[in-house]
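**Q** Below you will find the structure I want to go over with you.
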Amino acid sequence: MKHVLEVDSVQKTLGHKKVLSDVFLKCETGEVIGLLGRNGSGKSTLLKIIFGLVAADEKFIRIDWKTKYKTSELLKEVSYLSQNHFIPKHFTVKKAIALTVEKSRRSTFNTDAFLQGLLDKKIDRLSTGELRYLEIKLVLSSASKFALLDEPYNGLSPLMLEQVNQLITDATQHKGIIITDHNYRNVLKISTRLILMKDGKTYHLKNQQELIERGYLMEGML
């Protein structure tokens, strides 16, 4: 059964600037929505509004056609990877997993060859890439129907980029995913649909060429 997340009529003003103006997007399980836009276009703000971390002037969020009025109603439905690290530094990797992943799924989670050598390490002993990989896997392994990923590729080596893209692809079997990252090539590689944010609005693209036509990329960058 497919699940549907709809974000409608989002408006947000910061100071005298209209950051988001009547934004709409829709994501179904099985999809990876690539959310692209220049710095300051409101991508991160939009993800925080969807998750409930930032208040909007106006918004309507529906999951499976039911409007969600409270942030608490979204916590089981939507998971969120922020740009900032969220695991306490004094935790071990094993403890972070034990507190986040359901007991019945932990053994499978821990069979990840990349994580096996890290289980007894403390979070503050991990490299930036190792920590990012762990955070992404924790977010994607949650029971939520949708995942919002803000700058997931930050600090990852080329090899880890491929591993993360595989995690995302595997997660679409039971999730809908919205991803934004300055590494636009990886976003293009992994996305099933693209949305461009520009001047506070969302543009639902029919193809990658529109990224050039709408001024996000220059000729030859695809």
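Identifiers in this document derive from the order of the structure tokens: chains are assigned A, B, ..., residues are numbered from 1 separately in each chain, and ligands are numbered from 1 in order of occurrence.
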Write out as a PyMOL selection string the set of residues from stretch 66-157 of chain A that DSSP, computed on the backbone, places in alpha helix (DSSP H).

**A** chain A and resi 93-100+103-110+113-116+128-140

**Q** What lies within 12 Å of A:Asn39 using only C-alpha atoms, ignoring chain neighbours under 5 positions off, as a list in words?

**A**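 Once the nearby chain positions are removed, what remains is Val19, Ser44, Thr45, Thr180, Asp181, His182, Met197, Lys198, Asp199, Gly200 and Tyr216 of chain A.
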
**Q** I need the chosen residues saved as a PDB file, in the first residue's frame, with all heavy atoms.

**A**
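out_23.pdb, written as the output of this step:
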ATOM      1  N   VAL A  19      10.327  34.097   2.531  1.00  0.00           N
ATOM      2  CA  VAL A  19      11.231  32.982   2.226  1.00  0.00           C
ATOM      3  C   VAL A  19      10.507  31.904   1.429  1.00  0.00           C
ATOM      4  O   VAL A  19      11.046  31.339   0.479  1.00  0.00           O
ATOM      5  CB  VAL A  19      11.801  32.382   3.527  1.00  0.00           C
ATOM      6  CG1 VAL A  19      12.740  31.228   3.219  1.00  0.00           C
ATOM      7  CG2 VAL A  19      12.542  33.451   4.321  1.00  0.00           C
ATOM      8  N   SER A  44      16.167  24.033   3.324  1.00  0.00           N
ATOM      9  CA  SER A  44      16.278  23.543   4.706  1.00  0.00           C
ATOM     10  C   SER A  44      15.120  24.042   5.564  1.00  0.00           C
ATOM     11  O   SER A  44      14.586  23.300   6.399  1.00  0.00           O
ATOM     12  CB  SER A  44      17.609  23.987   5.332  1.00  0.00           C
ATOM     13  OG  SER A  44      18.691  23.331   4.711  1.00  0.00           O
ATOM     14  N   THR A  45      14.737  25.282   5.345  1.00  0.00           N
ATOM     15  CA  THR A  45      13.598  25.835   6.093  1.00  0.00           C
ATOM     16  C   THR A  45      12.335  25.032   5.823  1.00  0.00           C
ATOM     17  O   THR A  45      11.578  24.712   6.754  1.00  0.00           O
ATOM     18  CB  THR A  45      13.366  27.315   5.708  1.00  0.00           C
ATOM     19  OG1 THR A  45      14.552  28.056   6.005  1.00  0.00           O
ATOM     20  CG2 THR A  45      12.195  27.908   6.475  1.00  0.00           C
ATOM     21  N   THR A 180      17.728  16.949  -0.081  1.00  0.00           N
ATOM     22  CA  THR A 180      18.343  18.158  -0.620  1.00  0.00           C
ATOM     23  C   THR A 180      19.822  18.139  -0.278  1.00  0.00           C
ATOM     24  O   THR A 180      20.213  17.736   0.820  1.00  0.00           O
ATOM     25  CB  THR A 180      17.660  19.437  -0.086  1.00  0.00           C
ATOM     26  OG1 THR A 180      18.260  20.571  -0.723  1.00  0.00           O
ATOM     27  CG2 THR A 180      17.775  19.579   1.416  1.00  0.00           C
ATOM     28  N   ASP A 181      20.665  18.544  -1.238  1.00  0.00           N
ATOM     29  CA  ASP A 181      22.103  18.520  -1.018  1.00  0.00           C
ATOM     30  C   ASP A 181      22.771  19.389  -2.079  1.00  0.00           C
ATOM     31  O   ASP A 181      22.306  19.481  -3.218  1.00  0.00           O
ATOM     32  CB  ASP A 181      22.644  17.089  -1.114  1.00  0.00           C
ATOM     33  CG  ASP A 181      23.988  16.930  -0.425  1.00  0.00           C
ATOM     34  OD1 ASP A 181      25.010  17.394  -0.998  1.00  0.00           O
ATOM     35  OD2 ASP A 181      24.026  16.372   0.688  1.00  0.00           O
ATOM     36  N   HIS A 182      23.881  20.047  -1.691  1.00  0.00           N
ATOM     37  CA  HIS A 182      24.630  20.843  -2.655  1.00  0.00           C
ATOM     38  C   HIS A 182      25.326  19.967  -3.692  1.00  0.00           C
ATOM     39  O   HIS A 182      25.686  20.445  -4.772  1.00  0.00           O
ATOM     40  CB  HIS A 182      25.658  21.720  -1.929  1.00  0.00           C
ATOM     41  CG  HIS A 182      25.038  22.850  -1.182  1.00  0.00           C
ATOM     42  ND1 HIS A 182      24.825  22.827   0.182  1.00  0.00           N
ATOM     43  CD2 HIS A 182      24.541  24.036  -1.618  1.00  0.00           C
ATOM     44  CE1 HIS A 182      24.238  23.952   0.555  1.00  0.00           C
ATOM     45  NE2 HIS A 182      24.058  24.701  -0.506  1.00  0.00           N
ATOM     46  N   MET A 197      13.517  24.893  -6.063  1.00  0.00           N
ATOM     47  CA  MET A 197      13.036  26.009  -5.267  1.00  0.00           C
ATOM     48  C   MET A 197      13.741  27.281  -5.726  1.00  0.00           C
ATOM     49  O   MET A 197      14.976  27.334  -5.791  1.00  0.00           O
ATOM     50  CB  MET A 197      13.293  25.769  -3.778  1.00  0.00           C
ATOM     51  CG  MET A 197      12.456  24.627  -3.231  1.00  0.00           C
ATOM     52  SD  MET A 197      12.437  24.582  -1.421  1.00  0.00           S
ATOM     53  CE  MET A 197      11.515  26.061  -1.027  1.00  0.00           C
ATOM     54  N   LYS A 198      12.934  28.281  -6.051  1.00  0.00           N
ATOM     55  CA  LYS A 198      13.475  29.545  -6.567  1.00  0.00           C
ATOM     56  C   LYS A 198      12.497  30.656  -6.230  1.00  0.00           C
ATOM     57  O   LYS A 198      11.279  30.501  -6.435  1.00  0.00           O
ATOM     58  CB  LYS A 198      13.682  29.447  -8.086  1.00  0.00           C
ATOM     59  CG  LYS A 198      14.381  30.647  -8.701  1.00  0.00           C
ATOM     60  CD  LYS A 198      14.598  30.416 -10.190  1.00  0.00           C
ATOM     61  CE  LYS A 198      15.304  31.620 -10.814  1.00  0.00           C
ATOM     62  NZ  LYS A 198      15.520  31.418 -12.266  1.00  0.00           N
ATOM     63  N   ASP A 199      13.024  31.747  -5.689  1.00  0.00           N
ATOM     64  CA  ASP A 199      12.185  32.901  -5.329  1.00  0.00           C
ATOM     65  C   ASP A 199      11.043  32.499  -4.395  1.00  0.00           C
ATOM     66  O   ASP A 199       9.926  33.018  -4.503  1.00  0.00           O
ATOM     67  CB  ASP A 199      11.631  33.595  -6.580  1.00  0.00           C
ATOM     68  CG  ASP A 199      12.745  34.076  -7.508  1.00  0.00           C
ATOM     69  OD1 ASP A 199      13.783  34.517  -6.986  1.00  0.00           O
ATOM     70  OD2 ASP A 199      12.575  33.975  -8.734  1.00  0.00           O
ATOM     71  N   GLY A 200      11.320  31.536  -3.508  1.00  0.00           N
ATOM     72  CA  GLY A 200      10.327  31.129  -2.515  1.00  0.00           C
ATOM     73  C   GLY A 200       9.239  30.210  -3.023  1.00  0.00           C
ATOM     74  O   GLY A 200       8.313  29.875  -2.290  1.00  0.00           O
ATOM     75  N   TYR A 216      19.247  27.260 -12.668  1.00  0.00           N
ATOM     76  CA  TYR A 216      19.934  26.648 -11.525  1.00  0.00           C
ATOM     77  C   TYR A 216      21.302  26.124 -11.936  1.00  0.00           C
ATOM     78  O   TYR A 216      22.278  26.239 -11.191  1.00  0.00           O
ATOM     79  CB  TYR A 216      19.082  25.522 -10.942  1.00  0.00           C
ATOM     80  CG  TYR A 216      19.785  24.739  -9.840  1.00  0.00           C
ATOM     81  CD1 TYR A 216      20.075  25.338  -8.626  1.00  0.00           C
ATOM     82  CD2 TYR A 216      20.153  23.414 -10.028  1.00  0.00           C
ATOM     83  CE1 TYR A 216      20.726  24.624  -7.611  1.00  0.00           C
ATOM     84  CE2 TYR A 216      20.813  22.694  -9.032  1.00  0.00           C
ATOM     85  CZ  TYR A 216      21.087  23.320  -7.822  1.00  0.00           C
ATOM     86  OH  TYR A 216      21.743  22.619  -6.846  1.00  0.00           O
TER      87      TYR A 216
END

**Q** Determine the nearest neighbour of A:Met1 from the options A:Pro158, A:Gly15, A:Gly37, A:Gly30, counting only C-alpha atoms.

**A**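 Looking only at the distances to A:Met1, the closest residue turns out to be A:Gly30.
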
**Q** I'd like the neighbourhood of A:Met160 as number ranges by chain, where a residue qualifies if any of its atoms comes within 10 Å (using only C-alpha atoms), though same-chain residues fewer than 5 positions away should be ignored.

**A** A: 114, 129-130, 132-133, 153, 155, 165-166

**Q** Please report the interatomic distance between atom CA of A:His3 and atom CA of A:Lys68 in Å with one decimal.

**A**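 Atom CA of A:His3 sits 14.3 Å away from atom CA of A:Lys68.
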
**Q** Pick out the closest residue to A:Lys43 from this set: A:Gln173, A:Gln83, A:Ser127, A:Asn110. Count only C-alpha atoms.

**A** A:Gln83

**Q** For A:Glu135, please output as a list of chain:residue names all residues within 9 Å (counting only C-alpha atoms; exclusion window: fewer than 2 positions along the same chain).

**A**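 Selected residues are A:Leu81, A:His85, A:Phe86, A:Ile87, A:Glu130, A:Leu131, A:Arg132, A:Tyr133, A:Lys137, A:Leu138, A:Val139, A:Leu140, A:Pro152.
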